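A short write-up of the structure that comes next.
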Number of protein chains: 4
Amino acid sequence: MIFASDNWSGPHPAITAALAENGAGMAAAYGSSALDKAVEQRFNEVFEREVAVFFVGTGTAANSLSFAAVNRPGGVVLCHREAHVVEDECGAPEFFTHGARMAPIDGANGLIDPYNLKRELKRFNPDFVHAGQPMAVTVSQPGEAGTIYPTETLDAIAGIAHEHNLSLHMDGARFANALVATNLSPAEMTWKRGVDILSFGATKNGCWCAEAVIFFDPDKARQFPYIRKRGAQLFSKTRFVAAQFMAYFEDGLWLQLAAHSNAMADHLRDALDASTHAKQAWPTRTNEVFAIVEKDMAEKLRAKGAVFYDWNPPHSSHDLLAENETLVRLVASWSTTGEDVERFADAIA
Amino acid sequence: MIFASDNWSGPHPAITAALAENGAGMAAAYGSSALDKAVEQRFNEVFEREVAVFFVGTGTAANSLSFAAVNRPGGVVLCHREAHVVEDECGAPEFFTHGARMAPIDGANGLIDPYNLKRELKRFNPDFVHAGQPMAVTVSQPGEAGTIYPTETLDAIAGIAHEHNLSLHMDGARFANALVATNLSPAEMTWKRGVDILSFGATKNGCWCAEAVIFFDPDKARQFPYIRKRGAQLFSKTRFVAAQFMAYFEDGLWLQLAAHSNAMADHLRDALDASTHAKQAWPTRTNEVFAIVEKDMAEKLRAKGAVFYDWNPPHSSHDLLAENETLVRLVASWSTTGEDVERFADAIA
Amino acid sequence: MIFASDNWSGPHPAITAALAENGAGMAAAYGSSALDKAVEQRFNEVFEREVAVFFVGTGTAANSLSFAAVNRPGGVVLCHREAHVVEDECGAPEFFTHGARMAPIDGANGLIDPYNLKRELKRFNPDFVHAGQPMAVTVSQPGEAGTIYPTETLDAIAGIAHEHNLSLHMDGARFANALVATNLSPAEMTWKRGVDILSFGATKNGCWCAEAVIFFDPDKARQFPYIRKRGAQLFSKTRFVAAQFMAYFEDGLWLQLAAHSNAMADHLRDALDASTHAKQAWPTRTNEVFAIVEKDMAEKLRAKGAVFYDWNPPHSSHDLLAENETLVRLVASWSTTGEDVERFADAIA
Amino acid sequence: MIFASDNWSGPHPAITAALAENGAGMAAAYGSSALDKAVEQRFNEVFEREVAVFFVGTGTAANSLSFAAVNRPGGVVLCHREAHVVEDECGAPEFFTHGARMAPIDGANGLIDPYNLKRELKRFNPDFVHAGQPMAVTVSQPGEAGTIYPTETLDAIAGIAHEHNLSLHMDGARFANALVATNLSPAEMTWKRGVDILSFGATKNGCWCAEAVIFFDPDKARQFPYIRKRGAQLFSKTRFVAAQFMAYFEDGLWLQLAAHSNAMADHLRDALDASTHAKQAWPTRTNEVFAIVEKDMAEKLRAKGAVFYDWNPPHSSHDLLAENETLVRLVASWSTTGEDVERFADAIA
């Protein structure tokens, strides 16, 4: 009954096998092997256009280096107030950009409200150097709150971003889960919506350690090789990342794994809906579930072996909880079993 | 009728005279002249204890280098959501700290609400490296909203800060105006309240360019000489700053100038209270006045020669203004004349 | 005949097996799993004392974050003029330290000459803030030139470093090769010599991606968890690195692999000594060999399938090469075969 | 007999007068006053073309922000090994560029040798990301060694820089002294030689605090307003810098002051040439004189009231001094008197 995080899972066997297969012999280091090139080509196919792909080691690196790539002096990134880049990356986005500010935008359910975005941007004026200059908008798809931007909202945000000459970045740490939940293609979810840069995460969905930064306009990536190397994210034996991605895309493995974790989360959602001691904190459709649970029940669940994290309530919902309640996060992963979920459902009933 | 900013005023004649007097002959550079030492001693007297004083060139430098002095990896500074360090320094605080995050705390009238501060600090946990680590709380006295922290509020904030092992920094860009408005001594306003570091500003109050960082515990300043030099803020002919400060403190000039600008602002406040086309946006007691003015009236005032800036409403008060209203800032300075203020009062009546 | 770099080799089968074995089931992320803890304990045994161990993804990260951990404002790292941290890390050490300067020290064969180190340190004076302040000395063991510091030289450097209150850092990207070549224990090579921090590399010696920063005084590492996370080097599924290290240390695998690559390099050295068209540029004892080769011969070797890099001559040896000669680097790895080396020997004879 | 530094002098009376005259009344802050604009126009005339001018507070700021303006990820600045930016700015250039490396180039008498510059640049290769990428060459005119680049050498350096697509920066902390010594016009010394950015210093030559960054191609300066503000170098009452520059250029004051200090230095040089206890360490023509002095004599001079600094010998001349000798720097300034110099000449005879 471990619902702590999808990064508690190890790799899928196909990933393990790919590492074993691709480790033999000599291969050019630093991204220039045949396998690296083949995987880059694979990304082009997945996204239905020529993209620039850069492997990195962590999602934090993917996000932070993305911002570094489009930063301007006094740069400001507009993001949701509870975005992962603000709350969970220990200042790495600010560090890698030498101090770009993450400007918090409010919005329900972890999603930027385009109206608020527009209003915040009005606070900046190109003639007023003191305020700094916006340089990017970042959205998480799905977000830390497990929710998904509707297509129309993404379009609205992209429109605002581009009207202000800002790059639109998408944090796709759980990108596959969003695809499966919406039935959109990778292209429909990203560049067809106006996304300029994507942090493409595979680690949480069955890999060991496979993240990538995707530029939909390769021209914008010309300085990125230096940005990545300077950021200590250029691995020597890059075929170890490449091999993971190769297996990840093979026969749609990535979407199958995400479909499984989303489905397991559906069962968790059902269990919460059926419980009289807990409820969904807000509606989600991906592999993350947020629950308001009676404190006694939370203790009982943990005593029975359930593992999950307490979660900070959103800034805008400080009154979310009654005195005897706590907010927790439940995450299903590719290796979550139906049995685990059933035991949890029984325990919380 | 120029109420644009107190930094539109030139220096007081006594400052000019001091520069003329102290420019002759040779004097050791980089802060080691007799005059520099005498001014440091003067600061000890002003604050009634031994302090470490470092001259810098701008208020932005004073604030940013203060944070740099107490920063920790993944460091977070808790500040008001509309603090100058967030809204008006083009990311310098983040830049000089290599990416410390300015965490916005809400509170009415530009003042941090201790309750909100406490709640925000609960989001951090020493065992959870992802969130980063708070390292300082900063308050402006008076703040960008022209308001003043009551003594009890400062005490509460200091208590919270020190309980969490955070430094308490005060942005005193208009420090003298706060002293005069409260009738507190420099000591009572700062270290007796628990303030650890003060950005002491004199530029806005009759100097050309005289700012200082004050450490109330000189031991904490041991690395600051390097921090300042690396930050390009160690002037060679520091007697230029020292001479200004010497004159500034002479015969209480600094408090007289601040008393004058506060009094001029009182007249502005009276004029707003008497007007049917404008009103104070929120109550202030220092030399800054914020007014909600009918747009027609604002235009009329400008046509008659009044100079003042439009101002962004606080994030928490987006509904502050009616459709036909605008928010403006009026600043009185040491050189504002009663005549100017009367003309303005007539115009807005 | 691939002698391009030891990072062209894939992982040793035991490493692959360890990854397969340790991937199953759920395990706590971010370094807190039982396996992570077991590996930390293993490091204590390897180094015969309690150390603080932090996994990171690249050698560049290990070096750069080490410096960040001991940096001071205006900090200076004293290093060999051709150190990897200067020549091959794209400014990452400067980037992660926010601008610490790498001060180049000359010395024959890629080794810092203690006499030159001492002389350079005399240029700094605690009362002269302009020059900045030294904060660390870094040595590579073995260095980019493939050479090894004699014990007495290390002792001399450590003495100078500590006399000046500087941390001594060792870049051990090929640490095992140095151990095998000298027959010293890990303890004898490091903390018994006065080394404070070690970049412990395993990637080049049979792992996929396994690097660690070792603090011999765990107290000095208290801020390092934040430094690593902010630097985007905290992997979620850290058991991936832990599993590699576990296998690496098992039954002395790491020393066996290094012994093999050193031995293969011995054969390369013999081949050069026997050739009339090439010679060793300077004497080495580890798995890196530097050769002055006639340009025609270099071309011939490449035509026959040999892969190796041209190398920049040391700054101090601009006259190293005759007109018709080139400097090249040959690296043997754990997977280099005797057959490969023999073919090379025949080709260069 | 104070020859410590030209920054020990106060301001010339004309500078003081200008400050007094221009302080009255209100004027727009942050560089937008009529006086600011007039001074910008003055710079256009001085340099015989339209330039972009940005006032800053220190020479360190001017140099560091210049590099920040043209930096690239992994950027490298090629400079003389004993350049001020390396030896005397406490890492500010690295700090403001977030870690650009200052790559030391050797050359006699403090001047970059174009041959060495060319050779160093060969070490970089656009396909080899590890080495970083050169982004600028910086020369000091005159340099820290008091010497002046001949026109042909500057042309050679500019040619090499531009061939490699690098910006050429000139550190003109004592720019006027170089102009007077060479009889070249400001244009002939800078953009006609291929200089792209100039740190224009006036502080050492009779101002209180007046430095500027000059871009000879204003298009390249579009982001500089943000770079300066973020760097805490945007002064509010900029007319205080503007007023100094206005007086500085009036009736050729700046060249007269530099001519005086150069002439005073000529007398010092004569005194050294005539002495049997001292000699010029290397030939200079500006207001800095470097002398090898017998230690006894140095002590005697100081006992008689002479003030001057000991100086680190160049890295390339460690054998410059005999056991009983020391290297010292003597600087003449606009306020150095013939009487002072004569007393010194007598004392050292």
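Here's how to read the names in the structure tokens: chain A, B, ... by the order shown, residue numbers from 1 in each chain, ligand numbers from 1 in the order shown.
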
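Near chain B, the residues of chain C that fall inside 6 Å (using only C-alpha atoms) are Pro73, Gly74, Val129, Tyr226, Ile227 and Arg230 of chain C.
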
With only C-alpha atoms as the counted atoms, please give the residues lying no more than 10 Å from Trp208 of chain C, apart from itself and same-chain residues fewer than 6 positions off, as a CSV table (one decimal) with N, CA and C atoms, in the first residue's frame.
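Now in out.csv:
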chain,number,residue,atom,x,y,z
A,19,LEU,N,18.7,-1.6,-20.9
A,19,LEU,CA,20.1,-1.2,-20.3
A,19,LEU,C,21.0,-2.3,-20.5
A,23,GLY,N,24.5,-2.0,-23.2
A,23,GLY,CA,25.7,-1.7,-22.5
A,23,GLY,C,27.0,-2.2,-23.1
A,235,PHE,N,25.8,14.0,-19.3
A,235,PHE,CA,26.3,12.7,-18.9
A,235,PHE,C,27.3,12.1,-19.9
A,236,SER,N,28.3,11.4,-19.5
A,236,SER,CA,29.2,10.9,-20.4
A,236,SER,C,28.6,9.7,-21.2
A,237,LYS,N,28.1,8.7,-20.4
A,237,LYS,CA,27.6,7.5,-21.1
A,237,LYS,C,26.1,7.7,-21.4
A,238,THR,N,25.8,8.7,-22.3
A,238,THR,CA,24.4,9.1,-22.5
A,238,THR,C,23.6,7.9,-23.1
A,239,ARG,N,24.2,6.9,-23.6
A,239,ARG,CA,23.4,5.8,-24.1
A,239,ARG,C,22.6,5.2,-23.0
A,240,PHE,N,23.0,5.4,-21.7
A,240,PHE,CA,22.2,4.8,-20.7
A,240,PHE,C,20.8,5.5,-20.6
A,241,VAL,N,20.8,6.8,-20.9
A,241,VAL,CA,19.5,7.5,-21.0
A,241,VAL,C,18.8,7.1,-22.3
C,7,ASN,N,35.1,6.5,-20.9
C,7,ASN,CA,33.7,6.6,-20.8
C,7,ASN,C,33.0,6.2,-22.1
C,9,SER,N,33.2,3.0,-22.8
C,9,SER,CA,32.8,1.7,-22.3
C,9,SER,C,31.5,1.7,-21.7
C,10,GLY,N,30.7,0.6,-21.8
C,10,GLY,CA,29.5,0.5,-21.1
C,10,GLY,C,29.7,0.0,-19.7
C,11,PRO,N,28.7,-0.5,-19.0
C,11,PRO,CA,28.9,-1.0,-17.7
C,11,PRO,C,29.4,-2.4,-17.7
C,12,HIS,N,30.1,-2.7,-16.6
C,12,HIS,CA,30.5,-4.1,-16.4
C,12,HIS,C,29.2,-5.0,-16.1
C,15,ILE,N,27.6,-4.7,-12.8
C,15,ILE,CA,26.8,-3.5,-12.6
C,15,ILE,C,25.4,-3.7,-13.2
C,16,THR,N,25.3,-4.2,-14.4
C,16,THR,CA,24.1,-4.4,-15.0
C,16,THR,C,23.2,-5.4,-14.2
C,57,GLY,N,25.4,12.9,-10.3
C,57,GLY,CA,25.3,12.3,-11.6
C,57,GLY,C,26.5,12.4,-12.5
C,202,ALA,N,33.1,6.6,-10.4
C,202,ALA,CA,33.1,5.2,-10.7
C,202,ALA,C,32.6,5.0,-12.2
C,240,PHE,N,19.3,3.6,-7.9
C,240,PHE,CA,19.9,3.3,-9.2
C,240,PHE,C,21.4,3.6,-9.0
C,241,VAL,N,21.8,4.6,-8.4
C,241,VAL,CA,23.2,4.9,-8.1
C,241,VAL,C,23.8,3.9,-7.1
C,244,GLN,N,24.7,0.5,-8.2
C,244,GLN,CA,25.9,0.4,-9.0
C,244,GLN,C,27.1,0.4,-8.0

### Message
Just want the 9 Å neighbourhood of segment 47-55 of chain B, counted on only C-alpha atoms, with same-chain residues fewer than 6 positions away dropped. Output as a VMD selection string.
### Response
chain B and resid 31 40 to 41 62 185 to 188 190 to 191 210 to 221 224 to 225 228 233 to 235 238 241 to 242

Any chance you can output those residues with N, CA and C atoms as a PDB file, in the first residue's frame?
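Saved to result-v4.pdb:
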ATOM      1  N   GLY B  31      37.594  53.289   2.215  1.00  0.00           N
ATOM      2  CA  GLY B  31      36.985  53.231   3.542  1.00  0.00           C
ATOM      3  C   GLY B  31      37.912  53.358   4.720  1.00  0.00           C
ATOM      4  N   GLU B  40      31.805  56.097  10.936  1.00  0.00           N
ATOM      5  CA  GLU B  40      31.450  54.811  11.544  1.00  0.00           C
ATOM      6  C   GLU B  40      31.146  55.002  13.029  1.00  0.00           C
ATOM      7  N   GLN B  41      31.983  55.809  13.685  1.00  0.00           N
ATOM      8  CA  GLN B  41      31.764  56.097  15.102  1.00  0.00           C
ATOM      9  C   GLN B  41      30.424  56.797  15.307  1.00  0.00           C
ATOM     10  N   ALA B  62      22.010  47.768  -0.978  1.00  0.00           N
ATOM     11  CA  ALA B  62      21.952  47.544   0.473  1.00  0.00           C
ATOM     12  C   ALA B  62      21.078  46.327   0.783  1.00  0.00           C
ATOM     13  N   SER B 185      13.417  56.099  18.797  1.00  0.00           N
ATOM     14  CA  SER B 185      14.836  56.307  18.514  1.00  0.00           C
ATOM     15  C   SER B 185      15.293  55.252  17.503  1.00  0.00           C
ATOM     16  N   PRO B 186      16.422  55.521  16.850  1.00  0.00           N
ATOM     17  CA  PRO B 186      16.959  54.511  15.930  1.00  0.00           C
ATOM     18  C   PRO B 186      17.121  53.147  16.612  1.00  0.00           C
ATOM     19  N   ALA B 187      17.580  53.145  17.844  1.00  0.00           N
ATOM     20  CA  ALA B 187      17.743  51.875  18.563  1.00  0.00           C
ATOM     21  C   ALA B 187      16.392  51.213  18.811  1.00  0.00           C
ATOM     22  N   GLU B 188      15.435  52.016  19.239  1.00  0.00           N
ATOM     23  CA  GLU B 188      14.109  51.453  19.514  1.00  0.00           C
ATOM     24  C   GLU B 188      13.451  50.887  18.258  1.00  0.00           C
ATOM     25  N   THR B 190      15.052  49.462  15.803  1.00  0.00           N
ATOM     26  CA  THR B 190      15.814  48.397  15.147  1.00  0.00           C
ATOM     27  C   THR B 190      16.207  47.272  16.109  1.00  0.00           C
ATOM     28  N   TRP B 191      17.415  47.374  16.649  1.00  0.00           N
ATOM     29  CA  TRP B 191      17.903  46.206  17.406  1.00  0.00           C
ATOM     30  C   TRP B 191      17.100  45.963  18.676  1.00  0.00           C
ATOM     31  N   ALA B 210      23.877  58.088  -0.656  1.00  0.00           N
ATOM     32  CA  ALA B 210      24.456  57.665   0.628  1.00  0.00           C
ATOM     33  C   ALA B 210      23.549  56.601   1.232  1.00  0.00           C
ATOM     34  N   GLU B 211      23.997  55.392   1.144  1.00  0.00           N
ATOM     35  CA  GLU B 211      23.274  54.249   1.683  1.00  0.00           C
ATOM     36  C   GLU B 211      24.265  53.433   2.504  1.00  0.00           C
ATOM     37  N   ALA B 212      23.756  52.705   3.465  1.00  0.00           N
ATOM     38  CA  ALA B 212      24.656  51.887   4.278  1.00  0.00           C
ATOM     39  C   ALA B 212      23.949  50.614   4.722  1.00  0.00           C
ATOM     40  N   VAL B 213      24.757  49.570   4.874  1.00  0.00           N
ATOM     41  CA  VAL B 213      24.259  48.343   5.497  1.00  0.00           C
ATOM     42  C   VAL B 213      24.784  48.329   6.926  1.00  0.00           C
ATOM     43  N   ILE B 214      23.872  48.166   7.879  1.00  0.00           N
ATOM     44  CA  ILE B 214      24.238  48.163   9.297  1.00  0.00           C
ATOM     45  C   ILE B 214      24.019  46.777   9.876  1.00  0.00           C
ATOM     46  N   PHE B 215      25.064  46.191  10.414  1.00  0.00           N
ATOM     47  CA  PHE B 215      24.939  44.922  11.140  1.00  0.00           C
ATOM     48  C   PHE B 215      24.955  45.239  12.640  1.00  0.00           C
ATOM     49  N   PHE B 216      23.909  44.817  13.333  1.00  0.00           N
ATOM     50  CA  PHE B 216      23.874  45.123  14.772  1.00  0.00           C
ATOM     51  C   PHE B 216      24.741  44.154  15.566  1.00  0.00           C
ATOM     52  N   ASP B 217      25.093  43.047  14.940  1.00  0.00           N
ATOM     53  CA  ASP B 217      26.102  42.163  15.521  1.00  0.00           C
ATOM     54  C   ASP B 217      27.295  42.137  14.567  1.00  0.00           C
ATOM     55  N   PRO B 218      28.325  42.930  14.878  1.00  0.00           N
ATOM     56  CA  PRO B 218      29.464  43.041  13.948  1.00  0.00           C
ATOM     57  C   PRO B 218      30.097  41.695  13.599  1.00  0.00           C
ATOM     58  N   ASP B 219      29.967  40.727  14.478  1.00  0.00           N
ATOM     59  CA  ASP B 219      30.535  39.407  14.187  1.00  0.00           C
ATOM     60  C   ASP B 219      29.934  38.784  12.935  1.00  0.00           C
ATOM     61  N   LYS B 220      28.681  39.106  12.686  1.00  0.00           N
ATOM     62  CA  LYS B 220      28.002  38.525  11.524  1.00  0.00           C
ATOM     63  C   LYS B 220      28.468  39.149  10.208  1.00  0.00           C
ATOM     64  N   ALA B 221      29.285  40.184  10.319  1.00  0.00           N
ATOM     65  CA  ALA B 221      29.673  40.936   9.128  1.00  0.00           C
ATOM     66  C   ALA B 221      31.066  40.591   8.630  1.00  0.00           C
ATOM     67  N   PHE B 224      31.462  40.307   5.015  1.00  0.00           N
ATOM     68  CA  PHE B 224      30.804  41.334   4.213  1.00  0.00           C
ATOM     69  C   PHE B 224      31.754  42.190   3.373  1.00  0.00           C
ATOM     70  N   PRO B 225      32.962  42.470   3.853  1.00  0.00           N
ATOM     71  CA  PRO B 225      33.867  43.246   2.988  1.00  0.00           C
ATOM     72  C   PRO B 225      34.068  42.568   1.623  1.00  0.00           C
ATOM     73  N   ARG B 228      30.731  42.824  -0.413  1.00  0.00           N
ATOM     74  CA  ARG B 228      30.531  44.143  -1.010  1.00  0.00           C
ATOM     75  C   ARG B 228      31.457  44.379  -2.196  1.00  0.00           C
ATOM     76  N   GLN B 233      30.441  47.244  -5.095  1.00  0.00           N
ATOM     77  CA  GLN B 233      29.884  48.338  -4.307  1.00  0.00           C
ATOM     78  C   GLN B 233      30.904  48.954  -3.355  1.00  0.00           C
ATOM     79  N   LEU B 234      32.175  48.604  -3.528  1.00  0.00           N
ATOM     80  CA  LEU B 234      33.196  49.261  -2.709  1.00  0.00           C
ATOM     81  C   LEU B 234      33.728  50.457  -3.499  1.00  0.00           C
ATOM     82  N   PHE B 235      33.301  51.635  -3.102  1.00  0.00           N
ATOM     83  CA  PHE B 235      33.750  52.839  -3.790  1.00  0.00           C
ATOM     84  C   PHE B 235      35.186  53.157  -3.395  1.00  0.00           C
ATOM     85  N   THR B 238      35.609  56.747  -0.783  1.00  0.00           N
ATOM     86  CA  THR B 238      34.472  56.579   0.129  1.00  0.00           C
ATOM     87  C   THR B 238      34.210  57.799   0.989  1.00  0.00           C
ATOM     88  N   VAL B 241      30.936  59.380   0.332  1.00  0.00           N
ATOM     89  CA  VAL B 241      29.742  58.944   1.065  1.00  0.00           C
ATOM     90  C   VAL B 241      29.835  59.395   2.526  1.00  0.00           C
ATOM     91  N   ALA B 242      30.998  59.229   3.089  1.00  0.00           N
ATOM     92  CA  ALA B 242      31.183  59.574   4.507  1.00  0.00           C
ATOM     93  C   ALA B 242      30.831  61.034   4.775  1.00  0.00           C
TER      94      ALA B 242
END

### Query
Near Gly146 of chain B, counting only C-alpha atoms, which residues have an atom at most 9 Å away, once you skip same-chain residues fewer than 4 positions from it, shown as an NGL selection string?
:B and (109-110 or 141-142 or 283-290)

### Message
Quick one: residues within 9 Å of segment 156-163 of chain C, only C-alpha atoms, excluding same-chain residues fewer than 3 positions away - as a PyMOL selection string?
### Response
chain C and resi 112-114+117-118+135-137+139+151-153+166-168+193-195

Just the selected residues (all heavy atoms), exported as a short mmCIF file (atom, residue, chain, number, x, y, z; two decimals), in the first residue's frame, please.
data_model
loop_
_atom_site.label_atom_id
_atom_site.label_comp_id
_atom_site.auth_asym_id
_atom_site.auth_seq_id
_atom_site.Cartn_x
_atom_site.Cartn_y
_atom_site.Cartn_z
N ILE C 112 50.48 19.97 -9.58
CA ILE C 112 50.80 21.25 -8.93
C ILE C 112 52.16 21.16 -8.25
O ILE C 112 52.43 20.22 -7.50
CB ILE C 112 49.73 21.57 -7.86
CG1 ILE C 112 48.40 21.94 -8.51
CG2 ILE C 112 50.20 22.68 -6.94
CD1 ILE C 112 47.28 22.18 -7.52
N ASP C 113 53.00 22.14 -8.50
CA ASP C 113 54.29 22.21 -7.82
C ASP C 113 54.08 22.98 -6.51
O ASP C 113 53.67 24.14 -6.54
CB ASP C 113 55.29 22.94 -8.73
CG ASP C 113 56.67 23.03 -8.13
OD1 ASP C 113 56.79 23.07 -6.88
OD2 ASP C 113 57.64 23.07 -8.90
N PRO C 114 54.33 22.32 -5.36
CA PRO C 114 54.07 23.00 -4.08
C PRO C 114 54.77 24.34 -3.96
O PRO C 114 54.25 25.27 -3.34
CB PRO C 114 54.61 22.00 -3.04
CG PRO C 114 54.57 20.68 -3.71
CD PRO C 114 54.83 20.96 -5.17
N LEU C 117 52.63 26.80 -5.65
CA LEU C 117 51.41 27.00 -4.87
C LEU C 117 51.66 28.01 -3.74
O LEU C 117 50.89 28.95 -3.53
CB LEU C 117 50.95 25.66 -4.28
CG LEU C 117 49.78 25.71 -3.32
CD1 LEU C 117 48.51 26.21 -4.01
CD2 LEU C 117 49.53 24.33 -2.70
N LYS C 118 52.77 27.81 -3.07
CA LYS C 118 53.15 28.68 -1.96
C LYS C 118 53.34 30.11 -2.46
O LYS C 118 52.88 31.07 -1.84
CB LYS C 118 54.47 28.17 -1.39
CG LYS C 118 54.59 28.31 0.10
CD LYS C 118 55.78 27.51 0.58
CE LYS C 118 55.82 27.42 2.09
NZ LYS C 118 56.73 26.34 2.51
N MET C 135 40.10 29.68 -1.12
CA MET C 135 39.21 28.87 -0.27
C MET C 135 39.48 27.38 -0.39
O MET C 135 39.13 26.62 0.49
CB MET C 135 37.75 29.21 -0.57
CG MET C 135 37.35 29.08 -2.02
SD MET C 135 36.52 27.50 -2.37
CE MET C 135 35.83 27.86 -4.00
N ALA C 136 40.13 26.98 -1.46
CA ALA C 136 40.42 25.56 -1.60
C ALA C 136 41.59 25.35 -2.55
O ALA C 136 41.89 26.20 -3.38
CB ALA C 136 39.20 24.80 -2.11
N VAL C 137 42.25 24.21 -2.35
CA VAL C 137 43.22 23.72 -3.32
C VAL C 137 42.63 22.43 -3.86
O VAL C 137 42.05 21.64 -3.11
CB VAL C 137 44.58 23.43 -2.67
CG1 VAL C 137 45.55 22.83 -3.69
CG2 VAL C 137 45.16 24.69 -2.03
N VAL C 139 43.43 18.98 -6.24
CA VAL C 139 44.37 18.14 -6.98
C VAL C 139 43.60 17.01 -7.64
O VAL C 139 42.57 16.58 -7.12
CB VAL C 139 45.43 17.52 -6.04
CG1 VAL C 139 46.35 18.59 -5.47
CG2 VAL C 139 44.78 16.72 -4.92
N THR C 151 53.20 10.65 -2.65
CA THR C 151 52.70 10.88 -1.30
C THR C 151 53.30 12.13 -0.67
O THR C 151 52.60 12.94 -0.06
CB THR C 151 53.03 9.65 -0.43
OG1 THR C 151 52.34 8.54 -1.00
CG2 THR C 151 52.55 9.85 0.99
N GLU C 152 54.58 12.34 -0.87
CA GLU C 152 55.25 13.48 -0.23
C GLU C 152 54.72 14.79 -0.81
O GLU C 152 54.62 15.80 -0.10
CB GLU C 152 56.77 13.44 -0.45
CG GLU C 152 57.43 12.12 -0.09
CD GLU C 152 57.10 11.02 -1.10
OE1 GLU C 152 57.17 11.27 -2.33
OE2 GLU C 152 56.76 9.90 -0.65
N THR C 153 54.44 14.80 -2.10
CA THR C 153 53.93 16.03 -2.71
C THR C 153 52.54 16.33 -2.18
O THR C 153 52.21 17.48 -1.87
CB THR C 153 53.90 15.88 -4.25
OG1 THR C 153 55.15 15.38 -4.69
CG2 THR C 153 53.60 17.21 -4.91
N LEU C 166 42.69 26.49 4.04
CA LEU C 166 41.99 26.13 2.81
C LEU C 166 41.60 24.66 2.84
O LEU C 166 42.31 23.84 3.40
CB LEU C 166 42.90 26.35 1.58
CG LEU C 166 43.62 27.69 1.48
CD1 LEU C 166 44.47 27.72 0.21
CD2 LEU C 166 42.61 28.83 1.48
N SER C 167 40.48 24.34 2.24
CA SER C 167 40.09 22.95 2.09
C SER C 167 40.92 22.32 0.98
O SER C 167 41.23 22.96 -0.02
CB SER C 167 38.61 22.85 1.72
OG SER C 167 37.81 23.35 2.77
N LEU C 168 41.23 21.04 1.17
CA LEU C 168 41.92 20.31 0.11
C LEU C 168 40.94 19.34 -0.53
O LEU C 168 40.37 18.46 0.12
CB LEU C 168 43.13 19.54 0.67
CG LEU C 168 43.92 18.74 -0.37
CD1 LEU C 168 44.42 19.61 -1.52
CD2 LEU C 168 45.10 18.02 0.28
N ARG C 193 46.25 11.78 4.03
CA ARG C 193 47.09 12.78 3.36
C ARG C 193 46.62 14.20 3.63
O ARG C 193 47.26 15.16 3.21
CB ARG C 193 47.08 12.57 1.84
CG ARG C 193 47.67 11.27 1.31
CD ARG C 193 49.17 11.32 1.17
NE ARG C 193 49.85 11.18 2.43
CZ ARG C 193 49.90 10.07 3.19
NH1 ARG C 193 49.30 8.97 2.82
NH2 ARG C 193 50.54 10.08 4.33
N GLY C 194 45.43 14.33 4.24
CA GLY C 194 44.92 15.67 4.49
C GLY C 194 43.82 16.10 3.54
O GLY C 194 43.40 17.26 3.55
N VAL C 195 43.35 15.18 2.71
CA VAL C 195 42.26 15.52 1.79
C VAL C 195 40.97 15.71 2.59
O VAL C 195 40.64 14.88 3.45
CB VAL C 195 42.09 14.43 0.72
CG1 VAL C 195 40.83 14.67 -0.11
CG2 VAL C 195 43.33 14.36 -0.17
#

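Near Val85 of chain A, within 9 Å and counting only C-alpha atoms, sit Thr60, Asn63, Ser64, Cys79, Glu89, Cys90, Gly91, Ala92, Pro93, Met102 and Asp171 of chain A, not including residues fewer than 4 positions from it in the same chain.
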
### Task
Please identify which residues in segment 113-327 of chain B DSSP calls helix (DSSP H, G or I) from the backbone, and express them as a ChimeraX atom specification.
/B:114-121,129-131,151-163,175-182,186-189,191-193,203-205,218-221,224-230,239-274,295-303,315-317

### Task
For segment 339-343 of chain B, work out the shell of residues within 12 Å, counting only C-alpha atoms and skipping chain neighbours fewer than 4 positions away, then give it as a ChimeraX atom specification.
/B:1-3,261,263-272,301,304-307,330-333,335,347-349
